[in-house]
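What follows is work24.tsv (TSV, C-alpha atoms).
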```tsv
chain	number	residue	atom	x	y	z
A	1	VAL	CA	104.22	158.00	4.48
A	2	GLY	CA	105.30	154.47	5.34
A	3	VAL	CA	107.81	152.24	3.62
A	4	GLN	CA	107.45	148.47	3.25
A	5	ALA	CA	110.24	146.20	2.08
A	6	ALA	CA	109.28	143.59	-0.50
A	7	GLY	CA	111.48	140.86	-1.90
A	8	SER	CA	114.68	139.58	-0.42
A	9	SER	CA	117.58	140.28	-2.73
A	10	GLY	CA	118.77	141.35	-6.14
A	11	LEU	CA	116.09	142.29	-8.65
A	12	ALA	CA	113.34	141.06	-6.29
A	13	ARG	CA	114.16	143.75	-3.68
A	14	ARG	CA	111.62	146.57	-3.72
A	15	PHE	CA	110.49	149.30	-1.36
A	16	LEU	CA	106.78	150.12	-1.42
A	17	LEU	CA	105.29	153.44	-0.29
A	18	THR	CA	102.13	153.43	1.84
A	19	HIS	CA	99.92	155.82	3.80
A	20	SER	CA	100.54	154.68	7.40
A	21	THR	CA	99.00	156.02	10.60
A	22	HIS	CA	100.39	155.05	14.00
A	23	LEU	CA	97.31	154.83	16.20
A	24	GLY	CA	99.05	155.28	19.56
A	25	CYS	CA	99.68	159.01	19.13
A	26	ARG	CA	97.48	162.07	19.19
A	27	HIS	CA	96.83	164.16	16.07
A	28	GLY	CA	95.60	167.61	17.08
A	29	GLY	CA	94.18	166.26	20.36
A	30	ASP	CA	92.28	163.42	18.65
A	31	MET	CA	93.31	159.75	18.65
A	32	GLU	CA	91.32	159.12	15.42
A	33	PRO	CA	91.14	155.34	15.87
A	34	HIS	CA	88.77	154.29	13.08
A	35	ILE	CA	89.19	150.53	13.33
A	36	ARG	CA	87.40	147.91	11.20
A	37	SER	CA	88.51	144.83	13.14
A	38	THR	CA	85.88	143.41	15.49
A	39	SER	CA	88.54	141.76	17.67
A	40	CYS	CA	90.82	144.75	18.29
A	41	MET	CA	91.91	145.18	21.91
A	42	LYS	CA	94.44	147.93	21.23
A	43	PRO	CA	95.03	149.52	17.83
A	44	TRP	CA	98.62	149.94	16.69
A	45	MET	CA	98.78	150.89	13.02
A	46	ARG	CA	96.57	151.44	10.00
A	47	VAL	CA	97.93	151.26	6.47
A	48	MET	CA	95.98	152.55	3.50
A	49	LEU	CA	96.95	151.16	0.11
A	50	TRP	CA	95.22	153.44	-2.37
A	51	HIS	CA	94.38	152.26	-5.89
A	52	ASN	CA	96.07	155.32	-7.39
A	53	ASN	CA	99.39	154.63	-5.62
A	54	PRO	CA	101.87	153.53	-8.30
A	55	TYR	CA	104.31	152.46	-5.58
A	56	HIS	CA	102.33	149.51	-4.19
A	57	PHE	CA	100.75	146.47	-5.87
A	58	PHE	CA	97.72	146.12	-3.53
A	59	THR	CA	94.64	148.25	-2.95
A	60	ALA	CA	93.61	147.67	0.64
A	61	TRP	CA	92.76	148.76	4.18
A	62	VAL	CA	95.20	147.05	6.55
A	63	GLU	CA	95.51	147.15	10.34
A	64	ALA	CA	97.96	145.87	12.92
A	65	ASN	CA	96.39	145.43	16.37
A	66	ILE	CA	96.57	143.61	19.67
A	67	SER	CA	93.65	141.19	19.52
A	68	THR	CA	90.98	140.00	21.94
A	69	GLY	CA	90.70	136.83	19.88
A	70	ALA	CA	86.90	137.19	19.89
A	71	PRO	CA	84.66	135.99	18.45
A	72	SER	CA	86.34	133.11	16.61
A	73	GLN	CA	89.88	132.69	18.04
A	74	LEU	CA	89.50	132.97	21.82
A	75	ASP	CA	92.86	131.26	22.42
A	76	LYS	CA	94.63	134.18	20.72
A	77	VAL	CA	93.84	136.80	23.35
A	78	ARG	CA	96.50	139.55	23.43
A	79	GLY	CA	98.01	138.16	20.23
A	80	GLY	CA	98.97	140.16	17.18
A	81	GLU	CA	96.47	140.44	14.36
A	82	HIS	CA	96.96	141.82	10.86
A	83	PRO	CA	93.50	142.00	9.28
A	84	MET	CA	93.45	143.00	5.61
A	85	TRP	CA	90.59	144.04	3.39
A	86	ILE	CA	92.13	143.70	-0.08
A	87	VAL	CA	90.63	144.33	-3.50
A	88	THR	CA	91.56	141.24	-5.49
A	89	SER	CA	90.21	138.66	-7.90
A	90	HIS	CA	88.35	135.44	-7.09
A	91	SER	CA	91.08	133.40	-8.72
A	92	PRO	CA	92.06	130.24	-6.78
A	93	TRP	CA	95.67	131.00	-7.73
A	94	HIS	CA	95.43	134.43	-6.14
A	95	CYS	CA	94.12	132.93	-2.88
A	96	SER	CA	96.63	130.09	-2.57
A	97	ARG	CA	99.71	130.24	-0.36
A	98	SER	CA	101.64	128.26	-2.95
A	99	GLY	CA	101.19	130.99	-5.55
A	100	PHE	CA	103.48	133.78	-6.64
A	101	TRP	CA	104.70	136.21	-3.91
A	102	LEU	CA	102.46	139.11	-5.04
A	103	THR	CA	99.25	137.51	-3.73
A	104	PRO	CA	97.25	138.32	-0.58
A	105	SER	CA	98.04	134.85	0.78
A	106	SER	CA	101.76	135.54	0.46
A	107	VAL	CA	101.24	138.31	3.06
A	108	ASP	CA	99.69	135.72	5.41
A	109	ALA	CA	102.65	133.41	4.88
A	110	PHE	CA	105.03	136.29	5.59
A	111	PHE	CA	103.37	137.07	8.93
A	112	ASP	CA	103.14	133.39	9.90
A	113	LYS	CA	106.92	133.28	9.58
A	114	TRP	CA	107.96	136.69	10.95
A	115	LEU	CA	105.36	137.61	13.60
A	116	PRO	CA	106.64	134.98	16.09
A	117	LYS	CA	110.17	136.34	15.58
A	118	LEU	CA	108.97	139.91	16.19
A	119	VAL	CA	107.09	138.87	19.35
A	120	HIS	CA	110.21	137.05	20.60
A	121	ALA	CA	112.39	140.13	20.01
A	122	ILE	CA	109.93	142.37	21.88
A	123	ARG	CA	109.66	139.93	24.79
A	124	GLU	CA	113.44	139.64	24.95
A	125	ARG	CA	113.76	143.42	25.33
A	126	VAL	CA	110.94	143.68	27.89
A	127	ARG	CA	111.25	140.47	29.93
A	128	GLY	CA	114.71	139.12	29.11
A	129	LYS	CA	116.07	136.32	26.93
A	130	GLU	CA	115.15	133.47	29.29
A	131	ALA	CA	111.48	134.50	29.49
A	132	ALA	CA	111.33	135.14	25.72
A	133	ASP	CA	112.81	131.70	24.96
A	134	GLU	CA	110.36	130.03	27.37
A	135	LEU	CA	107.35	131.65	25.66
A	136	GLN	CA	108.63	131.25	22.07
A	137	GLU	CA	105.93	129.75	19.88
A	138	GLU	CA	105.87	129.10	16.14
A	139	VAL	CA	102.85	129.02	13.83
A	140	VAL	CA	101.51	126.19	11.68
A	141	PRO	CA	100.84	128.03	8.39
A	142	LYS	CA	97.76	127.10	6.38
A	143	ASP	CA	95.05	128.66	4.26
A	144	GLY	CA	92.31	130.18	6.40
A	145	VAL	CA	93.27	130.55	10.06
A	146	SER	CA	96.85	129.65	11.01
A	147	ARG	CA	97.18	128.09	14.47
A	148	PRO	CA	99.93	128.08	17.12
A	149	LYS	CA	102.24	125.05	16.90
A	150	SER	CA	101.91	124.34	20.64
A	151	ARG	CA	99.60	125.42	23.43
A	152	LYS	CA	101.76	127.55	25.69
A	153	ALA	CA	100.07	129.59	28.42
A	154	VAL	CA	101.10	133.22	28.06
A	155	PRO	CA	101.10	134.96	31.45
A	156	HIS	CA	98.68	137.85	31.87
A	157	VAL	CA	100.38	141.25	31.92
A	158	PRO	CA	98.08	143.94	33.34
A	159	PRO	CA	97.75	147.11	31.24
```
Can you give me the file's structure in the form of structure tokens?
Amino acid sequence: VGVQAAGSSGLARRFLLTHSTHLGCRHGGDMEPHIRSTSCMKPWMRVMLWHNNPYHFFTAWVEANISTGAPSQLDKVRGGEHPMWIVTSHSPWHCSRSGFWLTPSSVDAFFDKWLPKLVHAIRERVRGKEAADELQEEVVPKDGVSRPKSRKAVPHVPP
């Protein structure tokens, strides 16, 4: 069972229950990495949001991976990806980032804001504050594919 925080304060604060699988550990000798993403370099987590779960407002298959960037975002090699296959309506409101916070696009906006902060925190622990600050990069959020704000060259770290 996984727990996701939703909302920021007061009556908007919620905790949502999910079925989460960390893909970097063995389960009975099997890694069980059933991945849907075609650009996954290294799987990290899979989250199942079942339609019969009364503790979450989405029905979806969600992954968090390290990406190859292929085939369509080759400049995002070794970047974080969060592909989502969500059951939703065809409503333009439901697909807009300017809509209410319970839409699939609000999840994209959340990751555009927080993924660079998470990457910075990880780099700071692994490589130090100076290196993390030097490689810090924000995202230009938009519908479709969000792009990096600048074109920084991230040094290759061998596996």
Between A:Val145, A:Leu102, A:Ala60, A:Ile122, which one has atoms that come closest to Glu81 of chain A, using all atoms listed in the file?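 The answer is A:Val145, which sits nearest to Glu81 of chain A.
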Go through A:Trp44, A:Ser91, A:Phe57, A:Arg36 one by one, measure the shortest atom-to-atom distance of each to Leu17 of chain A using only C-alpha atoms, and give the residue with the smallest value.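 So, comparing all the options, the nearest one is A:Phe57.
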Find the spatial neighbours of segment 45-52 of chain A, counting all atoms listed in the file, within a cut-off of 7 Å - ignore same-chain residues fewer than 5 positions away - and output them as a PyMOL selection string. chain A and resi 18-23+58-65
Report, in Å to a single decimal, how far apart atom CA of Asp143 of chain A and atom CA of His90 of chain A are.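 Separating atom CA of His90 of chain A from atom CA of Asp143 of chain A is a distance of 14.8 Å.
The space separating atom CA of Arg78 of chain A from atom CA of Met41 of chain A comes to 7.4 Å.
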Any idea what the distance is between atom CA of His56 of chain A and atom CA of Leu115 of chain A?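 Atom-to-atom, atom CA of His56 of chain A to atom CA of Leu115 of chain A, that is 21.6 Å.
In terms of minimum interatomic distance to His94 of chain A, A:Val107 ranks closest within A:Val107, A:Leu135, A:Val140, A:Val3, counting all atoms listed in the file.
In this comparison, which uses all atoms listed in the file, the residue of A:Val1, A:Ile35, A:Ala6, A:Val139 approaching Met84 of chain A most closely is A:Ile35.
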Shell of 8 Å around Thr68 of chain A, all atoms listed in the file, local chain residues under 2 positions omitted, as a count of residues only: 10
All heavy atoms are needed for segment 37-48 of chain A; please write them out as a compact mmCIF listing (two decimals), in the coordinates of the input.
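Dumped everything to rebuild-v1.txt:
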```
# COMPACT_ATOMS: atom_id res chain seq x y z
N SER A 37 88.45 146.14 12.51
CA SER A 37 88.51 144.83 13.14
C SER A 37 87.54 144.74 14.31
O SER A 37 87.45 145.64 15.14
CB SER A 37 89.93 144.57 13.66
OG SER A 37 89.95 143.38 14.43
N THR A 38 86.81 143.63 14.38
CA THR A 38 85.88 143.41 15.49
C THR A 38 86.55 142.76 16.69
O THR A 38 85.92 142.56 17.71
CB THR A 38 84.71 142.53 15.04
OG1 THR A 38 85.23 141.29 14.55
CG2 THR A 38 83.89 143.22 13.96
N SER A 39 87.83 142.42 16.56
CA SER A 39 88.54 141.76 17.67
C SER A 39 89.71 142.59 18.18
O SER A 39 90.59 142.08 18.86
CB SER A 39 89.02 140.38 17.24
OG SER A 39 89.88 140.49 16.13
N CYS A 40 89.71 143.88 17.89
CA CYS A 40 90.82 144.75 18.29
C CYS A 40 90.74 145.10 19.77
O CYS A 40 89.74 145.64 20.23
CB CYS A 40 90.81 146.02 17.45
SG CYS A 40 92.04 147.22 17.96
N MET A 41 91.79 144.78 20.51
CA MET A 41 91.91 145.18 21.91
C MET A 41 92.60 146.54 22.00
O MET A 41 92.18 147.41 22.74
CB MET A 41 92.71 144.14 22.70
CG MET A 41 92.91 144.48 24.16
SD MET A 41 93.99 143.28 25.02
CE MET A 41 92.96 141.83 25.02
N LYS A 42 93.68 146.68 21.24
CA LYS A 42 94.44 147.93 21.23
C LYS A 42 94.96 148.16 19.82
O LYS A 42 95.72 147.35 19.30
CB LYS A 42 95.61 147.85 22.21
CG LYS A 42 96.49 149.08 22.17
CD LYS A 42 97.08 149.39 23.51
CE LYS A 42 97.97 150.59 23.51
NZ LYS A 42 97.39 151.83 23.11
N PRO A 43 94.54 149.25 19.18
CA PRO A 43 95.03 149.52 17.83
C PRO A 43 96.49 149.94 17.85
O PRO A 43 96.95 150.58 18.80
CB PRO A 43 94.13 150.65 17.35
CG PRO A 43 93.65 151.32 18.58
CD PRO A 43 93.60 150.28 19.65
N TRP A 44 97.22 149.57 16.78
CA TRP A 44 98.62 149.94 16.69
C TRP A 44 98.88 150.75 15.42
O TRP A 44 99.42 151.84 15.46
CB TRP A 44 99.50 148.69 16.75
CG TRP A 44 100.95 148.96 16.59
CD1 TRP A 44 101.68 149.94 17.19
CD2 TRP A 44 101.87 148.26 15.76
NE1 TRP A 44 102.99 149.89 16.79
CE2 TRP A 44 103.14 148.85 15.92
CE3 TRP A 44 101.74 147.18 14.91
CZ2 TRP A 44 104.26 148.41 15.25
CZ3 TRP A 44 102.86 146.72 14.24
CH2 TRP A 44 104.11 147.34 14.43
N MET A 45 98.47 150.22 14.27
CA MET A 45 98.78 150.89 13.02
C MET A 45 97.71 150.61 11.98
O MET A 45 97.12 149.53 11.97
CB MET A 45 100.13 150.40 12.48
CG MET A 45 100.55 151.07 11.20
SD MET A 45 102.15 150.51 10.60
CE MET A 45 103.22 151.24 11.82
N ARG A 46 97.46 151.61 11.14
CA ARG A 46 96.57 151.44 10.00
C ARG A 46 97.37 151.81 8.76
O ARG A 46 98.08 152.82 8.75
CB ARG A 46 95.35 152.34 10.13
CG ARG A 46 94.43 152.27 8.94
CD ARG A 46 93.23 153.18 9.06
NE ARG A 46 93.65 154.56 9.17
CZ ARG A 46 93.17 155.40 10.09
NH1 ARG A 46 92.31 155.02 10.97
NH2 ARG A 46 93.59 156.66 10.10
N VAL A 47 97.23 151.01 7.72
CA VAL A 47 97.93 151.26 6.47
C VAL A 47 96.90 151.30 5.35
O VAL A 47 96.14 150.35 5.18
CB VAL A 47 99.00 150.18 6.18
CG1 VAL A 47 99.69 150.44 4.85
CG2 VAL A 47 100.00 150.08 7.31
N MET A 48 96.88 152.40 4.63
CA MET A 48 95.98 152.55 3.50
C MET A 48 96.79 152.33 2.21
O MET A 48 97.80 152.99 2.01
CB MET A 48 95.37 153.95 3.48
CG MET A 48 94.62 154.31 4.75
SD MET A 48 93.21 153.24 5.06
CE MET A 48 92.17 153.66 3.70
```
